[in-house]
Amino acid sequence: MDWVVTGSNLIHDTIVFSTALIFAALGGMYSERSGVTNIALEGMMIIGAFSGAVVTFFMQDVTPMAPWIGLIAAIILGAVISLPHAVASITFKADQVVSGTALNFLAAGLAVYLTKVIFNGAGQTTTLTSVFGKWHIPVLGDIPFFGHAIFEAYPTSYLAFIAVAVSWYVLFRTPFGLRLRAVGEHPRAADTVGINVKRMRYTAVMISGALAAMGGATIALTTTSNFSHNTVSGQGFIALAALIFGKWNPLGLTGAALFFGIAQAVKTLVQILGLTAYVPIEFIYMLPYVLTVLVLAGFVGKSSAPAALGKAYDTGSR
Amino acid sequence: MNSKIRNIFLADSTLVPLAAILLGLITGAIFMLAGGFDPIKAYGSLLDKVFGTSYGFGETIRQITPLIFTGLSVAFAFRTGLFNIGAEGQFIMGMLASAYVGISFDLPFIIHAPLAIIIGALAGGLWGAIAGYLKAARGVNEVITTIMLNWTALYFANFILNAFLVPQGKQNSEPVKESAIITIGWLSDMFDNARLHWGTLLALIAAVVFYILLWKTKTGFELRAVGLNPHASEYAGMNVNKNVMNAMFIGGLFAGIGGACETLGVFHYMSIMSAMPGYGMDGIAVALIGGNTPIGVVLGAILFGILSFGASGMKFGAGVPVELIRVVIASVIFFVAAHGIVRYFIKPLLARQKEES
């Protein structure tokens, strides 16, 4: 076994598995920074994976750009599906965890229902013939070790890292970002200086839906090549954990997402190396979830969440 | 008397869930129409599946039973201000522990079955208590930990099954011993071999215990006080952390018994799982629609039991994919949570009531 090749592969796989988590956790960041808890990332990812796969399926014989059109469709539908959560929790001041849970139910049911309607009763979409291929970046991709590890990734992975940089800039260097944070920390003060709290929160939740859906779509359009009921299987919740572990910061959550990505990549690696003879496979499956609990129990400080997170804003309240 | 009954029906706590259910069914119908199905035929065959045969009716009761347990589990934690999404994992641990006791021990019925249920309950309770402990001691959000513990329970159960209970190359464990089975033979015969068991009675007893514990004991008072205002409770000298752990433990007990009854009453063995059984997640919906009260949970479980068991009839009778019922359930939760929307719809009704009085 060549350890250099193995190490290079491990980093390569980590980036593949982290991509969806980065998108979804970034999405969660916008919503939660504005003060709206987003436990619905899972549902938004499911809708993204579904719409990405279905639109790509219908476009793949028309144009070679089909996966890109699928990705854009996911962004739009992700923003749309986040609206029930926004309406319930912002306008009607519903409990945000409850409405998020309802959205998870809705998305899971709706996506599989529509899949069956569209594909004549089949529980998953037909395997896509046109999905994203990996991009080999010229020159950089030829560097030993790092070339394969980092510069031979899916275009969506590069997009994810660009989204992180943009989000950092937006959050900390633009008036929009300042307002977003103000609305999440102290909505009353924000309201007093003329910021429209509800509009900010609606915008944030819709951005959240769009990004989480992008995350879901990247799974369907890179690793699985179809959509079925278990395409997302809990990754929305892991993204939520990454968001908390990363302390609601774009760079921090990217680090956390990469950490959970390693846990996934190790799963593949263990199977390839034949270590399953020594470690029961179920323990490898458990790893990301147990790690999440341990990480949250051990490393996250108590008071780093946005101050107004989870509280509906009532114009008449003090 | 007449006006008393009318008041119950027109009370907000009754009217909002009823309107939410109606709006949920309408939402489902809209999606059916969009998918090219006939909603009236679909809902008709749903009801036919449930009430049309004695077997269907018995199996619906079988479906309702675990929902009462998981609904109580979620509702109990809710009363202490905790959101227990982990009923699923606690249910799995209950299934697993009772299967282990049922298969491995050899005891007379009078000891074996109760022991298997108690161990199942404790397994569920302890699984819940982990999330309670992490919340109390480390301040970790229970929503995340319970979700993670659900997946952990799934794979942990599969590991135990593969390693100890399932014969090489099979999917199902050995059957539990005859002495651990809680199926009611004569009742099952009456309902055309529908799988009816003592768990249903236990579920109703659990709902009564839920009420007595929360509203008639000091522990219950503390649990509810912490749920309503942790700061005030702390100030009044209550130990908030202890109550958080208690609430998650007791909630877990309910879900654990539910899991145990499923193994001992319905299947008599346990299978390697490729997905969650789903009763824990549905329990959230049941608790919400039931307003976290024991009677509400029982009624909510009946509703969702009917919907989810009848869903296969809908598929058979009108070709509607069973997942549509998830859309209906989700919409109902939405409308209950955002009761402002429902009030908007029932406003004319309430206005007329005011005029009359």
# chains A, B, ... in the order shown; residues from 1 in each chain; ligands from 1

call {"tool": "select_by_dssp", "arguments": {"residues": "region 127-241 of chain A", "states": "helix (DSSP H, G or I)", "output": "ChimeraX atom specification"}}
result
/A:140-142,146-150,155-173,175-185,187-192,197-224,235-241

call {"tool": "interface_residues", "arguments": {"of": "chain B", "to": "chain A", "cutoff": "7 Å", "atoms": "only C-alpha atoms", "output": "list of chain:residue names"}}
result
B:Gly35, B:Leu134, B:Arg138, B:Gly139, B:Val140, B:Ile144, B:Thr145, B:Met148, B:Trp151, B:Thr152, B:Tyr155, B:Phe156, B:Asn158, B:Phe159, B:Pro321, B:Glu323, B:Leu324, B:Arg326, B:Val327, B:Ala330, B:Ile333, B:Phe334, B:Ala337, B:Ala338, B:Gly340

call {"tool": "atom_distance", "arguments": {"atom1": "CA of Gln271 (chain A)", "atom2": "CA of Asn9 (chain A)"}}
result
13.5 Å

call {"tool": "closest_residue", "arguments": {"among": "A:Leu21, A:Leu269, A:Ala308, A:Ile262", "to": "Ala190 (chain A)", "atoms": "only C-alpha atoms"}}
result
A:Ala308

call {"tool": "closest_residue", "arguments": {"among": "A:Phe259, A:Pro250, A:Phe161, A:Phe145", "to": "Asp2 (chain A)", "atoms": "only C-alpha atoms"}}
result
A:Phe145

call {"tool": "residues_around", "arguments": {"residues": "Met238 (chain B)", "least_positions_apart": "6", "cutoff": "9 Å", "atoms": "only C-alpha atoms", "output": "ChimeraX atom specification"}}
result
/B:222,225-226,230,232

call {"tool": "write_last_selection", "arguments": {"atoms": "N, CA and C atoms", "output": "PDB file, in the first residue's frame"}}
result
ATOM      1  N   GLU B 222     -42.434  20.350  39.267  1.00  0.00           N
ATOM      2  CA  GLU B 222     -41.102  20.896  38.980  1.00  0.00           C
ATOM      3  C   GLU B 222     -40.791  20.815  37.478  1.00  0.00           C
ATOM      4  N   ALA B 225     -42.702  23.423  35.746  1.00  0.00           N
ATOM      5  CA  ALA B 225     -42.202  24.760  36.089  1.00  0.00           C
ATOM      6  C   ALA B 225     -40.938  25.074  35.295  1.00  0.00           C
ATOM      7  N   VAL B 226     -40.041  24.075  35.214  1.00  0.00           N
ATOM      8  CA  VAL B 226     -38.800  24.268  34.456  1.00  0.00           C
ATOM      9  C   VAL B 226     -39.122  24.533  32.988  1.00  0.00           C
ATOM     10  N   PRO B 230     -37.390  28.363  33.170  1.00  0.00           N
ATOM     11  CA  PRO B 230     -36.250  27.779  33.886  1.00  0.00           C
ATOM     12  C   PRO B 230     -35.625  28.754  34.886  1.00  0.00           C
ATOM     13  N   ALA B 232     -37.021  31.264  36.626  1.00  0.00           N
ATOM     14  CA  ALA B 232     -37.845  31.385  37.826  1.00  0.00           C
ATOM     15  C   ALA B 232     -37.741  30.121  38.680  1.00  0.00           C
TER      16      ALA B 232
END

call {"tool": "atom_distance", "arguments": {"atom1": "CA of Thr231 (chain A)", "atom2": "CA of Thr125 (chain A)"}}
result
11.0 Å

call {"tool": "residues_around", "arguments": {"residues": "Leu253 (chain A)", "least_positions_apart": "4", "cutoff": "7 Å", "atoms": "only C-alpha atoms", "output": "number ranges by chain"}}
result
A: 25, 242-243, 245-249, 257

call {"tool": "closest_residue", "arguments": {"among": "A:Lys267, A:Arg181, A:His148, A:Arg199", "to": "Gly35 (chain A)", "atoms": "only C-alpha atoms"}}
result
A:Arg181

call {"tool": "residues_around", "arguments": {"residues": "Gly265 (chain B)", "least_positions_apart": "4", "cutoff": "6 Å", "atoms": "only C-alpha atoms", "output": "number ranges by chain"}}
result
B: 181-183, 197, 261
